[in-house]
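Shown next, in structure tokens, is the structure this report addresses.
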Amino acid sequence: MLDYNKYLRQQKFPLIWCAGCGDGIVLKSMLRAIDKIGLSKDEICMVSGIGCSSRLTGYVDFNTLHTTHGRAIAFATGVKMAKPEMHVIVVTGDGDATAIGGNHYIHAARRNIDISVILFNNNIYGMTGGQVSPTTPIGSRASTAPFGNPENSFNISGLAEAAGASFVARGTVHDALILDKYIEKAIRKKGFSVVEVMTPCPTAYGRRNRIGDGVAMIKDLKEHSVSVRKASKMSEEELNDKVVTGILVDRERPEYTDNYNKLIERVKGSNS
Amino acid sequence: MKTDPKGVLTGEHYLDGDHACAEGALAAGCRFFAGYPITPSTEVAERFCSRIPLVGGIFIQMEDELGSMAAVVGASWSGKKSMTVTSGPGFSLMMENIGLAAMMETPCVVVNVQRGGPSTGLPTMVGQADMMQARWGSHGDYEIIALSPASPQESFDYTIFAFNFAEKYRVPVMVMMDECVGHMTEKVVIPPAGKIDVAYRTMTTLSPDKYLPYVPEKNLVPDMMPVGEGYNIHSTGLTHDERGYPVMSPDAQDKIVNRLVDKINKNADDIIMIEEEDTEDADIIVMAYGITSRVTMPAIFEARKKGLKVGFIKLITVWPFPEKRIKQLAKTAKAFVMPEINLGQVVLELERIVAGKTKVYHVPHAGGWVHDPADIYKAIEEAANGNKK
């Protein structure tokens, strides 16, 4: 079994995450994927924004940068352009990446810059105490939607696909070992890749919406998950409360740092 | 340290302030630029992006100024000298990540070609009303360094100074240009690369197991180590300890915030640059920066012709403010006169330091155009007559 400790900054423990939080499951899945690829710790630069999931960068022994709310992908764009040989991984959440940071999310996908985004989707702002997020389902309760959320929610993976990402997958913490494969593929993929991970927040979401504790929420996730293959045979109505999991996009598109290097070569060539 | 000759366009040129700024950045060794178009600063980005591929660096037009500033901080942590260029509205959007750069102690340069504000204001016309924002626009306590060029030549020169300060003190440095200088075309002499002194952040010589990224050296600045060099550093915008790890305590806060402020203020003598002319025996001292320092000259000549003893101080660095020198001069001068293209910003600092020991006459201008030298002359005359203002 993998010795997780070699990737962890143990002096930073205990973690800030609540009992029943799914973020630790994603953390271990990420470490398994990284270990399987065989990347050295120094090849990885992990960048995060603000929120519960973004605190992950403090716990892992890579090059880690914990930045401002919503700006992790823009920050990572600077890191990747300046050091294209590094594997740049962004750790972010549904609020961080698709509300305050939504613009950077879609434009990084459009450029198809070689960054892997692990997006922890818990349908809520957990750290600030349970406010409505762009992925809070319509009708659900949040501290800022006490009578039920009147807004439609985002399809985060669909957004990345439409904006031009090379690789998009959605998984859940219930199927952690399948998640390893998605994360592994995302890191290996040359281009902008997103793994949207459905993860429970019992403290700020589960309690308020009477789903129960962490275990109950993971069971709930399992019951509501359907594979892409199954989903293709289901009606829109049937899919209404479902989480479609699997590899949603895996395609080849020109990648930005490559394009940029080609531009440099071309311009230098025409001037010599 | 001498600069990399690849980016240096040695020779005599006829350039506007914006283009000269781009050349200054290249000469200083800047190899990463992230920006977003905004008048009257866009020409800096246009010049930089047409030159940088030949030098082997990076230009990226980001989706907004929030992203531009974030990318600049990211690239600096990857070891590149990095900059962005903007004007008022974009400067406002950059404030969040300027604070991040200050907190993470990230070397970077932000150029603001100032236009009239507030809000969209006068996009194509001059202003100097972002001077306090440059100093304190992001939340919390921190100090930065700001310079203000008055000509295309100075735009070139001061941009190099800005990079050197940024690298030496690991701080965001602002080049507070203005629309007039940005769009004014004059002769710019670019020296040979061997005559251009540049600084690069001091890298740690400690091994990864001994290195703590936020232990300050004697000058209060910690040695740096970018990502990907075997040190697995962690840096955060949260209040942190010497390891760079978040610590939520008043003690940690007290330690870090005081050092962020002290590393600039206690090194002020090394940073501050001013030009003085006939100040020693002056009755009246005119102080100005940027384009206003040039507009002031006819007023000073006129006053001297009338027999008034007028001295002149031009601020090259506006922040930190030359407190020590002003305190000395406040003992001998009868009054200070300060024109600036705002309704009273840097003059507040002058008044604070003078502390009533001598009079201060402000010559405000709401922006859109430079002062009429006659208005500055009038203020000098009033100051000489001791009229209360």
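Following the order of the structure tokens, first chain is A, next is B, and so on, with residues numbered from 1 inside each chain and ligands from 1 in the order they appear.
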Return as an mmCIF file with N, CA and C atoms, in the first residue's frame the residues belonging to chain A that are within 7 Å of chain B, counting only C-alpha atoms.
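Result file follows (result_1.cif):
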```cif
data_model
loop_
_atom_site.group_PDB
_atom_site.id
_atom_site.type_symbol
_atom_site.label_atom_id
_atom_site.label_comp_id
_atom_site.auth_asym_id
_atom_site.auth_seq_id
_atom_site.Cartn_x
_atom_site.Cartn_y
_atom_site.Cartn_z
ATOM 1 N N ASP A 42 9.112 17.354 -6.706
ATOM 2 C CA ASP A 42 9.538 18.664 -7.161
ATOM 3 C C ASP A 42 9.020 19.042 -8.541
ATOM 4 N N GLU A 43 8.487 18.061 -9.258
ATOM 5 C CA GLU A 43 7.930 18.363 -10.593
ATOM 6 C C GLU A 43 6.549 18.975 -10.494
ATOM 7 N N CYS A 45 3.729 21.612 -9.082
ATOM 8 C CA CYS A 45 3.382 22.853 -8.409
ATOM 9 C C CYS A 45 1.867 22.833 -8.224
ATOM 10 N N GLY A 58 -1.617 23.292 1.764
ATOM 11 C CA GLY A 58 -0.768 23.391 2.951
ATOM 12 C C GLY A 58 -0.314 22.032 3.469
ATOM 13 N N ASP A 61 3.471 17.902 0.383
ATOM 14 C CA ASP A 61 4.866 18.322 0.283
ATOM 15 C C ASP A 61 5.309 18.476 -1.180
ATOM 16 N N PHE A 62 4.598 19.342 -1.897
ATOM 17 C CA PHE A 62 5.014 19.707 -3.252
ATOM 18 C C PHE A 62 5.400 21.189 -3.216
ATOM 19 N N ASN A 63 5.609 21.804 -4.364
ATOM 20 C CA ASN A 63 5.702 23.262 -4.399
ATOM 21 C C ASN A 63 4.268 23.754 -4.336
ATOM 22 N N THR A 64 3.920 24.471 -3.289
ATOM 23 C CA THR A 64 2.505 24.780 -3.094
ATOM 24 C C THR A 64 2.281 26.268 -2.880
ATOM 25 N N LEU A 65 1.281 26.791 -3.561
ATOM 26 C CA LEU A 65 0.989 28.226 -3.486
ATOM 27 C C LEU A 65 -0.498 28.400 -3.203
ATOM 28 N N HIS A 66 -0.782 29.036 -2.097
ATOM 29 C CA HIS A 66 -2.159 29.220 -1.629
ATOM 30 C C HIS A 66 -2.510 30.681 -1.873
ATOM 31 N N THR A 67 -3.367 30.958 -2.831
ATOM 32 C CA THR A 67 -3.488 32.325 -3.347
ATOM 33 C C THR A 67 -4.806 32.983 -2.921
ATOM 34 N N THR A 68 -5.384 33.784 -3.791
ATOM 35 C CA THR A 68 -6.588 34.540 -3.434
ATOM 36 C C THR A 68 -7.844 33.864 -4.001
ATOM 37 N N ARG A 71 -8.677 33.117 -7.881
ATOM 38 C CA ARG A 71 -7.570 33.447 -8.793
ATOM 39 C C ARG A 71 -6.565 32.321 -8.994
ATOM 40 N N ALA A 74 -5.687 31.614 -12.658
ATOM 41 C CA ALA A 74 -4.917 32.714 -13.267
ATOM 42 C C ALA A 74 -3.485 32.702 -12.739
ATOM 43 N N PHE A 75 -3.340 32.491 -11.444
ATOM 44 C CA PHE A 75 -2.028 32.399 -10.820
ATOM 45 C C PHE A 75 -1.241 31.231 -11.441
ATOM 46 N N ALA A 76 -1.919 30.095 -11.569
ATOM 47 C CA ALA A 76 -1.285 28.899 -12.132
ATOM 48 C C ALA A 76 -0.884 29.119 -13.593
ATOM 49 N N THR A 77 -1.631 29.966 -14.294
ATOM 50 C CA THR A 77 -1.284 30.294 -15.682
ATOM 51 C C THR A 77 0.095 30.952 -15.730
ATOM 52 N N GLY A 78 0.351 31.852 -14.784
ATOM 53 C CA GLY A 78 1.677 32.485 -14.689
ATOM 54 C C GLY A 78 2.756 31.473 -14.378
ATOM 55 N N VAL A 79 2.484 30.569 -13.446
ATOM 56 C CA VAL A 79 3.467 29.543 -13.073
ATOM 57 C C VAL A 79 3.775 28.655 -14.281
ATOM 58 N N ALA A 82 5.718 30.358 -17.101
ATOM 59 C CA ALA A 82 7.103 30.644 -16.735
ATOM 60 C C ALA A 82 7.917 29.372 -16.551
ATOM 61 N N LYS A 83 7.263 28.287 -16.177
ATOM 62 C CA LYS A 83 7.963 26.996 -15.984
ATOM 63 C C LYS A 83 7.146 25.887 -16.623
ATOM 64 N N HIS A 104 -11.702 33.089 -15.112
ATOM 65 C CA HIS A 104 -10.400 32.448 -15.323
ATOM 66 C C HIS A 104 -10.582 30.992 -15.740
ATOM 67 N N HIS A 107 -11.584 30.847 -19.452
ATOM 68 C CA HIS A 107 -10.534 31.306 -20.368
ATOM 69 C C HIS A 107 -9.322 30.383 -20.363
ATOM 70 N N ILE A 264 7.433 31.529 -30.588
ATOM 71 C CA ILE A 264 8.782 32.055 -30.335
ATOM 72 C C ILE A 264 9.752 31.551 -31.407
ATOM 73 N N VAL A 267 9.033 33.324 -34.776
ATOM 74 C CA VAL A 267 9.436 34.733 -34.804
ATOM 75 C C VAL A 267 10.959 34.844 -34.817
ATOM 76 N N LYS A 268 11.606 34.021 -34.004
ATOM 77 C CA LYS A 268 13.077 34.034 -33.982
ATOM 78 C C LYS A 268 13.628 33.666 -35.346
#
```
Review point. DSSP on the backbone: what in range 62-151 of chain B comes out strand (DSSP E), as a ChimeraX atom specification?
Key: /B:82-86,108-116,122-126,145-147
Saved selection, atoms kept: N, CA, C and O atoms, as a PDB file, in the first residue's frame:
```pdb
ATOM      1  N   SER B  82       8.755  39.828 -13.429  1.00  0.00           N
ATOM      2  CA  SER B  82       7.412  39.902 -13.985  1.00  0.00           C
ATOM      3  C   SER B  82       6.782  41.271 -13.794  1.00  0.00           C
ATOM      4  O   SER B  82       7.064  41.956 -12.813  1.00  0.00           O
ATOM      5  N   MET B  83       5.903  41.621 -14.735  1.00  0.00           N
ATOM      6  CA  MET B  83       5.245  42.927 -14.636  1.00  0.00           C
ATOM      7  C   MET B  83       3.858  42.916 -15.251  1.00  0.00           C
ATOM      8  O   MET B  83       3.502  42.035 -16.036  1.00  0.00           O
ATOM      9  N   THR B  84       3.089  43.936 -14.892  1.00  0.00           N
ATOM     10  CA  THR B  84       1.852  44.227 -15.590  1.00  0.00           C
ATOM     11  C   THR B  84       1.752  45.741 -15.741  1.00  0.00           C
ATOM     12  O   THR B  84       2.450  46.492 -15.053  1.00  0.00           O
ATOM     13  N   VAL B  85       0.895  46.159 -16.668  1.00  0.00           N
ATOM     14  CA  VAL B  85       0.730  47.585 -16.945  1.00  0.00           C
ATOM     15  C   VAL B  85      -0.759  47.873 -17.060  1.00  0.00           C
ATOM     16  O   VAL B  85      -1.494  47.077 -17.649  1.00  0.00           O
ATOM     17  N   THR B  86      -1.198  48.993 -16.500  1.00  0.00           N
ATOM     18  CA  THR B  86      -2.619  49.281 -16.521  1.00  0.00           C
ATOM     19  C   THR B  86      -2.871  50.771 -16.339  1.00  0.00           C
ATOM     20  O   THR B  86      -1.947  51.585 -16.348  1.00  0.00           O
ATOM     21  N   CYS B 108       7.658  42.131  -8.074  1.00  0.00           N
ATOM     22  CA  CYS B 108       6.905  42.375  -9.301  1.00  0.00           C
ATOM     23  C   CYS B 108       6.746  43.874  -9.505  1.00  0.00           C
ATOM     24  O   CYS B 108       6.877  44.651  -8.554  1.00  0.00           O
ATOM     25  N   VAL B 109       6.492  44.262 -10.750  1.00  0.00           N
ATOM     26  CA  VAL B 109       6.347  45.681 -11.080  1.00  0.00           C
ATOM     27  C   VAL B 109       4.968  45.918 -11.681  1.00  0.00           C
ATOM     28  O   VAL B 109       4.517  45.162 -12.547  1.00  0.00           O
ATOM     29  N   VAL B 110       4.295  46.949 -11.178  1.00  0.00           N
ATOM     30  CA  VAL B 110       2.989  47.348 -11.699  1.00  0.00           C
ATOM     31  C   VAL B 110       3.117  48.777 -12.217  1.00  0.00           C
ATOM     32  O   VAL B 110       3.469  49.678 -11.457  1.00  0.00           O
ATOM     33  N   VAL B 111       2.867  48.951 -13.505  1.00  0.00           N
ATOM     34  CA  VAL B 111       2.924  50.289 -14.082  1.00  0.00           C
ATOM     35  C   VAL B 111       1.493  50.815 -14.206  1.00  0.00           C
ATOM     36  O   VAL B 111       0.621  50.120 -14.718  1.00  0.00           O
ATOM     37  N   ASN B 112       1.264  52.022 -13.711  1.00  0.00           N
ATOM     38  CA  ASN B 112      -0.051  52.655 -13.853  1.00  0.00           C
ATOM     39  C   ASN B 112       0.130  53.953 -14.631  1.00  0.00           C
ATOM     40  O   ASN B 112       0.729  54.899 -14.134  1.00  0.00           O
ATOM     41  N   VAL B 113      -0.338  53.949 -15.872  1.00  0.00           N
ATOM     42  CA  VAL B 113      -0.313  55.182 -16.662  1.00  0.00           C
ATOM     43  C   VAL B 113      -1.595  55.928 -16.307  1.00  0.00           C
ATOM     44  O   VAL B 113      -2.674  55.613 -16.825  1.00  0.00           O
ATOM     45  N   GLN B 114      -1.455  56.893 -15.396  1.00  0.00           N
ATOM     46  CA  GLN B 114      -2.644  57.466 -14.761  1.00  0.00           C
ATOM     47  C   GLN B 114      -3.442  58.366 -15.697  1.00  0.00           C
ATOM     48  O   GLN B 114      -2.904  59.161 -16.455  1.00  0.00           O
ATOM     49  N   ARG B 115      -4.765  58.202 -15.601  1.00  0.00           N
ATOM     50  CA  ARG B 115      -5.711  59.024 -16.341  1.00  0.00           C
ATOM     51  C   ARG B 115      -6.670  59.647 -15.333  1.00  0.00           C
ATOM     52  O   ARG B 115      -6.580  59.371 -14.130  1.00  0.00           O
ATOM     53  N   GLY B 116      -7.577  60.473 -15.825  1.00  0.00           N
ATOM     54  CA  GLY B 116      -8.515  61.120 -14.906  1.00  0.00           C
ATOM     55  C   GLY B 116      -9.543  60.133 -14.378  1.00  0.00           C
ATOM     56  O   GLY B 116     -10.090  59.338 -15.116  1.00  0.00           O
ATOM     57  N   LEU B 122     -11.666  60.110 -17.335  1.00  0.00           N
ATOM     58  CA  LEU B 122     -11.151  60.645 -18.596  1.00  0.00           C
ATOM     59  C   LEU B 122     -10.114  59.672 -19.151  1.00  0.00           C
ATOM     60  O   LEU B 122      -8.927  59.808 -18.881  1.00  0.00           O
ATOM     61  N   PRO B 123     -10.563  58.679 -19.939  1.00  0.00           N
ATOM     62  CA  PRO B 123      -9.631  57.618 -20.350  1.00  0.00           C
ATOM     63  C   PRO B 123      -8.410  58.104 -21.117  1.00  0.00           C
ATOM     64  O   PRO B 123      -7.354  57.484 -21.049  1.00  0.00           O
ATOM     65  N   THR B 124      -8.537  59.191 -21.856  1.00  0.00           N
ATOM     66  CA  THR B 124      -7.419  59.603 -22.711  1.00  0.00           C
ATOM     67  C   THR B 124      -6.698  60.825 -22.168  1.00  0.00           C
ATOM     68  O   THR B 124      -5.864  61.408 -22.853  1.00  0.00           O
ATOM     69  N   MET B 125      -7.030  61.220 -20.933  1.00  0.00           N
ATOM     70  CA  MET B 125      -6.457  62.466 -20.428  1.00  0.00           C
ATOM     71  C   MET B 125      -5.800  62.274 -19.066  1.00  0.00           C
ATOM     72  O   MET B 125      -6.135  61.381 -18.313  1.00  0.00           O
ATOM     73  N   VAL B 126      -4.888  63.184 -18.773  1.00  0.00           N
ATOM     74  CA  VAL B 126      -3.953  62.985 -17.661  1.00  0.00           C
ATOM     75  C   VAL B 126      -4.599  63.100 -16.281  1.00  0.00           C
ATOM     76  O   VAL B 126      -5.563  63.839 -16.079  1.00  0.00           O
ATOM     77  N   ILE B 145       6.805  50.447  -2.848  1.00  0.00           N
ATOM     78  CA  ILE B 145       7.674  51.500  -3.368  1.00  0.00           C
ATOM     79  C   ILE B 145       7.001  52.031  -4.635  1.00  0.00           C
ATOM     80  O   ILE B 145       6.468  51.244  -5.418  1.00  0.00           O
ATOM     81  N   ALA B 146       6.987  53.366  -4.809  1.00  0.00           N
ATOM     82  CA  ALA B 146       6.415  53.939  -6.030  1.00  0.00           C
ATOM     83  C   ALA B 146       7.347  54.993  -6.601  1.00  0.00           C
ATOM     84  O   ALA B 146       7.927  55.797  -5.861  1.00  0.00           O
ATOM     85  N   LEU B 147       7.492  54.962  -7.929  1.00  0.00           N
ATOM     86  CA  LEU B 147       8.305  55.960  -8.636  1.00  0.00           C
ATOM     87  C   LEU B 147       7.417  56.706  -9.616  1.00  0.00           C
ATOM     88  O   LEU B 147       6.388  56.189 -10.035  1.00  0.00           O
TER      89      LEU B 147
END
```
Exercise for review: Do a neighbour search on Thr279 in chain B at 12 Å with only C-alpha atoms, toss out local chain neighbours closer than 5 positions, and write the hits as an NGL selection string.
Suggested key: :B and (274 or 284-287 or 309-314 or 325-326 or 328-336)
Exercise for review: With a distance cut-off of 12 Å and only C-alpha atoms, select the neighbouring residues of Glu382 in chain B, excluding the residue or stretch itself and same-chain residues fewer than 3 positions from it, and output the selection as a count of residues only.
Suggested key: 22
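Considering the residues A:Glu196, A:Arg141, A:Val173, A:Lys80 and counting only C-alpha atoms, Thr92 in chain A has its shortest atom-to-atom contact with A:Glu196.
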Which neighbours of range 184-194 of chain B fall inside 12 Å, counting only C-alpha atoms, when residues of the same chain fewer than 4 positions from it are skipped, and could you give them as a short mmCIF file (atom, residue, chain, number, x, y, z; two decimals) with N, CA, C and O atoms, in the first residue's frame?
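Dumped everything to part-v7.cif:
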```cif
data_model
loop_
_atom_site.label_atom_id
_atom_site.label_comp_id
_atom_site.auth_asym_id
_atom_site.auth_seq_id
_atom_site.Cartn_x
_atom_site.Cartn_y
_atom_site.Cartn_z
N MET B 1 25.27 43.57 -10.67
CA MET B 1 25.00 42.59 -11.72
C MET B 1 24.62 43.34 -13.01
O MET B 1 23.82 44.27 -12.96
N LYS B 2 25.23 42.93 -14.15
CA LYS B 2 24.89 43.57 -15.44
C LYS B 2 23.74 42.80 -16.09
O LYS B 2 23.57 41.61 -15.86
N THR B 3 23.01 43.53 -16.92
CA THR B 3 21.81 42.91 -17.47
C THR B 3 22.10 42.00 -18.67
O THR B 3 23.16 42.08 -19.29
N ASP B 4 21.13 41.15 -18.96
CA ASP B 4 21.17 40.28 -20.13
C ASP B 4 21.07 41.15 -21.38
O ASP B 4 20.07 41.85 -21.58
N PRO B 5 22.09 41.13 -22.25
CA PRO B 5 22.09 42.05 -23.40
C PRO B 5 20.99 41.78 -24.41
O PRO B 5 20.66 42.66 -25.22
N LYS B 6 20.38 40.59 -24.32
CA LYS B 6 19.37 40.23 -25.33
C LYS B 6 18.21 41.23 -25.42
O LYS B 6 17.69 41.47 -26.49
N GLY B 7 17.84 41.78 -24.28
CA GLY B 7 16.66 42.65 -24.29
C GLY B 7 16.97 44.13 -24.48
O GLY B 7 16.06 44.95 -24.45
N VAL B 8 18.26 44.46 -24.67
CA VAL B 8 18.64 45.88 -24.62
C VAL B 8 18.79 46.46 -26.02
O VAL B 8 19.63 46.03 -26.80
N LEU B 9 17.99 47.46 -26.32
CA LEU B 9 17.99 48.09 -27.64
C LEU B 9 18.91 49.33 -27.60
O LEU B 9 18.45 50.46 -27.71
N THR B 10 20.20 49.09 -27.43
CA THR B 10 21.15 50.19 -27.24
C THR B 10 21.10 51.18 -28.39
O THR B 10 21.04 50.79 -29.56
N GLY B 11 21.09 52.46 -28.05
CA GLY B 11 21.12 53.49 -29.08
C GLY B 11 20.24 54.68 -28.72
O GLY B 11 19.68 54.74 -27.62
N GLU B 12 20.16 55.63 -29.65
CA GLU B 12 19.30 56.80 -29.45
C GLU B 12 17.98 56.56 -30.17
O GLU B 12 17.96 56.17 -31.33
N HIS B 13 16.90 56.79 -29.47
CA HIS B 13 15.58 56.52 -30.04
C HIS B 13 14.67 57.72 -29.84
O HIS B 13 14.96 58.60 -29.03
N TYR B 14 13.59 57.70 -30.58
CA TYR B 14 12.55 58.71 -30.43
C TYR B 14 11.30 57.95 -30.00
O TYR B 14 10.64 57.32 -30.82
N LEU B 15 11.03 57.95 -28.71
CA LEU B 15 10.00 57.06 -28.16
C LEU B 15 9.03 57.83 -27.29
O LEU B 15 9.39 58.83 -26.66
N ASP B 16 7.80 57.31 -27.18
CA ASP B 16 6.91 57.87 -26.17
C ASP B 16 7.13 57.14 -24.84
O ASP B 16 7.84 56.12 -24.78
N GLY B 17 6.55 57.67 -23.79
CA GLY B 17 6.80 57.14 -22.45
C GLY B 17 6.36 55.69 -22.31
O GLY B 17 7.00 54.91 -21.60
N ASP B 18 5.26 55.32 -22.96
CA ASP B 18 4.78 53.94 -22.89
C ASP B 18 5.80 52.99 -23.52
O ASP B 18 6.15 51.96 -22.95
N HIS B 19 6.26 53.32 -24.72
CA HIS B 19 7.23 52.45 -25.40
C HIS B 19 8.54 52.40 -24.63
O HIS B 19 9.18 51.34 -24.54
N ALA B 20 8.94 53.55 -24.08
CA ALA B 20 10.18 53.59 -23.31
C ALA B 20 10.08 52.71 -22.08
O ALA B 20 11.05 52.06 -21.67
N CYS B 21 8.89 52.65 -21.50
CA CYS B 21 8.66 51.80 -20.33
C CYS B 21 8.86 50.33 -20.72
O CYS B 21 9.52 49.57 -19.98
N GLU B 23 10.69 49.18 -23.12
CA GLU B 23 12.13 48.97 -23.33
C GLU B 23 12.87 48.90 -22.00
O GLU B 23 13.82 48.12 -21.85
N GLY B 24 12.46 49.72 -21.06
CA GLY B 24 13.07 49.69 -19.72
C GLY B 24 12.88 48.33 -19.07
O GLY B 24 13.80 47.77 -18.47
N ALA B 25 11.66 47.79 -19.21
CA ALA B 25 11.37 46.48 -18.62
C ALA B 25 12.25 45.40 -19.25
O ALA B 25 12.84 44.58 -18.55
N LEU B 26 12.36 45.44 -20.59
CA LEU B 26 13.19 44.45 -21.27
C LEU B 26 14.65 44.59 -20.86
O LEU B 26 15.34 43.59 -20.61
N ALA B 27 15.11 45.83 -20.75
CA ALA B 27 16.50 46.07 -20.36
C ALA B 27 16.75 45.62 -18.92
O ALA B 27 17.85 45.20 -18.57
N ALA B 28 15.70 45.69 -18.09
CA ALA B 28 15.85 45.29 -16.69
C ALA B 28 15.84 43.77 -16.54
O ALA B 28 16.09 43.25 -15.46
N GLY B 29 15.49 43.07 -17.62
CA GLY B 29 15.46 41.61 -17.55
C GLY B 29 14.08 41.04 -17.32
O GLY B 29 13.94 39.86 -17.01
N PRO B 40 -4.64 54.83 -20.98
CA PRO B 40 -3.62 55.10 -22.01
C PRO B 40 -2.35 54.27 -21.85
O PRO B 40 -1.26 54.73 -22.17
N VAL B 126 -4.89 63.18 -18.77
CA VAL B 126 -3.95 62.99 -17.66
C VAL B 126 -4.60 63.10 -16.28
O VAL B 126 -5.56 63.84 -16.08
N PRO B 149 7.91 58.87 -13.19
CA PRO B 149 8.73 59.48 -14.24
C PRO B 149 8.08 60.72 -14.85
O PRO B 149 6.86 60.82 -14.89
N ALA B 150 8.93 61.64 -15.34
CA ALA B 150 8.43 62.88 -15.93
C ALA B 150 8.76 63.00 -17.42
O ALA B 150 8.48 64.02 -18.03
N SER B 151 9.38 61.96 -17.99
CA SER B 151 9.75 62.01 -19.40
C SER B 151 9.92 60.59 -19.91
O SER B 151 10.07 59.66 -19.10
N PRO B 152 9.91 60.39 -21.22
CA PRO B 152 10.16 59.05 -21.75
C PRO B 152 11.51 58.49 -21.28
O PRO B 152 11.61 57.31 -20.96
N GLN B 153 12.54 59.33 -21.22
CA GLN B 153 13.84 58.85 -20.73
C GLN B 153 13.71 58.32 -19.30
O GLN B 153 14.22 57.26 -18.96
N GLU B 154 13.01 59.09 -18.47
CA GLU B 154 12.82 58.64 -17.09
C GLU B 154 11.93 57.40 -17.03
O GLU B 154 12.08 56.57 -16.14
N SER B 155 10.99 57.31 -17.94
CA SER B 155 10.14 56.12 -17.99
C SER B 155 11.01 54.89 -18.19
O SER B 155 10.83 53.86 -17.52
N PHE B 156 11.98 55.00 -19.10
CA PHE B 156 12.94 53.91 -19.33
C PHE B 156 13.77 53.66 -18.06
O PHE B 156 13.83 52.53 -17.56
N ASP B 157 14.37 54.73 -17.55
CA ASP B 157 15.29 54.59 -16.41
C ASP B 157 14.57 54.08 -15.16
O ASP B 157 15.04 53.18 -14.48
N ILE B 160 13.61 50.45 -14.89
CA ILE B 160 14.74 49.60 -14.45
C ILE B 160 14.91 49.70 -12.93
O ILE B 160 15.05 48.69 -12.24
N MET B 177 3.25 56.39 -13.72
CA MET B 177 3.36 57.29 -14.86
C MET B 177 2.06 58.06 -15.00
O MET B 177 1.14 57.88 -14.20
N ASP B 178 1.96 58.92 -16.00
CA ASP B 178 0.68 59.56 -16.27
C ASP B 178 0.51 59.65 -17.78
O ASP B 178 1.46 59.44 -18.53
N GLU B 179 -0.70 59.94 -18.20
CA GLU B 179 -1.03 59.92 -19.63
C GLU B 179 -0.12 60.84 -20.42
O GLU B 179 0.29 60.51 -21.54
N CYS B 180 0.21 62.01 -19.85
CA CYS B 180 1.06 62.97 -20.57
C CYS B 180 2.41 62.36 -20.90
O CYS B 180 2.87 62.42 -22.03
N VAL B 198 21.50 45.72 -12.88
CA VAL B 198 20.22 45.13 -12.49
C VAL B 198 20.41 44.27 -11.25
O VAL B 198 21.50 43.78 -10.97
N ILE B 291 4.73 64.47 -14.45
CA ILE B 291 4.61 65.54 -15.44
C ILE B 291 4.55 66.90 -14.76
O ILE B 291 5.05 67.91 -15.28
#
```
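Of the residues under consideration (A:Val88, A:Ile34, A:Ala163, A:Met127), A:Ile34 shows the shortest atom-to-atom contact distance to Tyr7 in chain A when counting only C-alpha atoms.
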Exercise for review: Please provide the set of residues having any atom within 8 Å of Ile118 in chain A, restricted to only C-alpha atoms, with same-chain residues fewer than 6 positions apart removed, written as a VMD selection string.
Suggested key: chain A and resid 89 to 92 183 194 to 197
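Residue neighbourhood of range 207-220 of chain B, excluding near-sequence residues (fewer than 4 positions): Tyr231, Glu242, Arg243 and Lys263 of chain B, at 6 Å, using only C-alpha atoms.
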Please write the residues from the selection above to a file, keeping all heavy atoms, as a CSV table (one decimal), in the first residue's frame.
```csv
chain,number,residue,atom,x,y,z
B,231,TYR,N,13.0,22.6,-3.4
B,231,TYR,CA,12.7,23.1,-2.0
B,231,TYR,C,11.3,22.9,-1.5
B,231,TYR,O,11.0,23.1,-0.4
B,231,TYR,CB,13.1,24.6,-1.9
B,231,TYR,CG,14.6,24.8,-1.8
B,231,TYR,CD1,15.4,24.6,-2.9
B,231,TYR,CD2,15.2,25.2,-0.6
B,231,TYR,CE1,16.8,24.7,-2.9
B,231,TYR,CE2,16.6,25.4,-0.6
B,231,TYR,CZ,17.4,25.1,-1.7
B,231,TYR,OH,18.7,25.3,-1.6
B,242,GLU,N,7.6,31.5,9.9
B,242,GLU,CA,8.8,31.5,9.1
B,242,GLU,C,8.9,30.4,8.1
B,242,GLU,O,9.6,30.4,7.1
B,242,GLU,CB,10.0,31.5,10.0
B,242,GLU,CG,10.1,32.9,10.8
B,242,GLU,CD,11.3,33.0,11.7
B,242,GLU,OE1,11.8,31.9,12.1
B,242,GLU,OE2,11.7,34.1,12.0
B,243,ARG,N,8.1,29.3,8.3
B,243,ARG,CA,8.0,28.2,7.4
B,243,ARG,C,7.1,28.5,6.2
B,243,ARG,O,7.1,27.8,5.2
B,243,ARG,CB,7.5,26.9,8.1
B,243,ARG,CG,8.4,26.4,9.2
B,243,ARG,CD,7.7,25.3,9.9
B,243,ARG,NE,6.4,25.7,10.5
B,243,ARG,CZ,5.6,24.9,11.2
B,243,ARG,NH1,6.0,23.6,11.4
B,243,ARG,NH2,4.5,25.4,11.7
B,263,LYS,N,10.4,46.6,6.5
B,263,LYS,CA,11.5,46.3,5.5
B,263,LYS,C,11.6,47.4,4.5
B,263,LYS,O,12.6,47.6,3.8
B,263,LYS,CB,11.2,44.9,4.8
B,263,LYS,CG,10.2,44.9,3.8
B,263,LYS,CD,10.2,43.5,3.0
B,263,LYS,CE,9.0,43.5,2.1
B,263,LYS,NZ,8.9,42.2,1.3
```
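If you look at CA of Ser270 in chain A and CA of Tyr256 in chain A, they are 21.0 Å away from each other.
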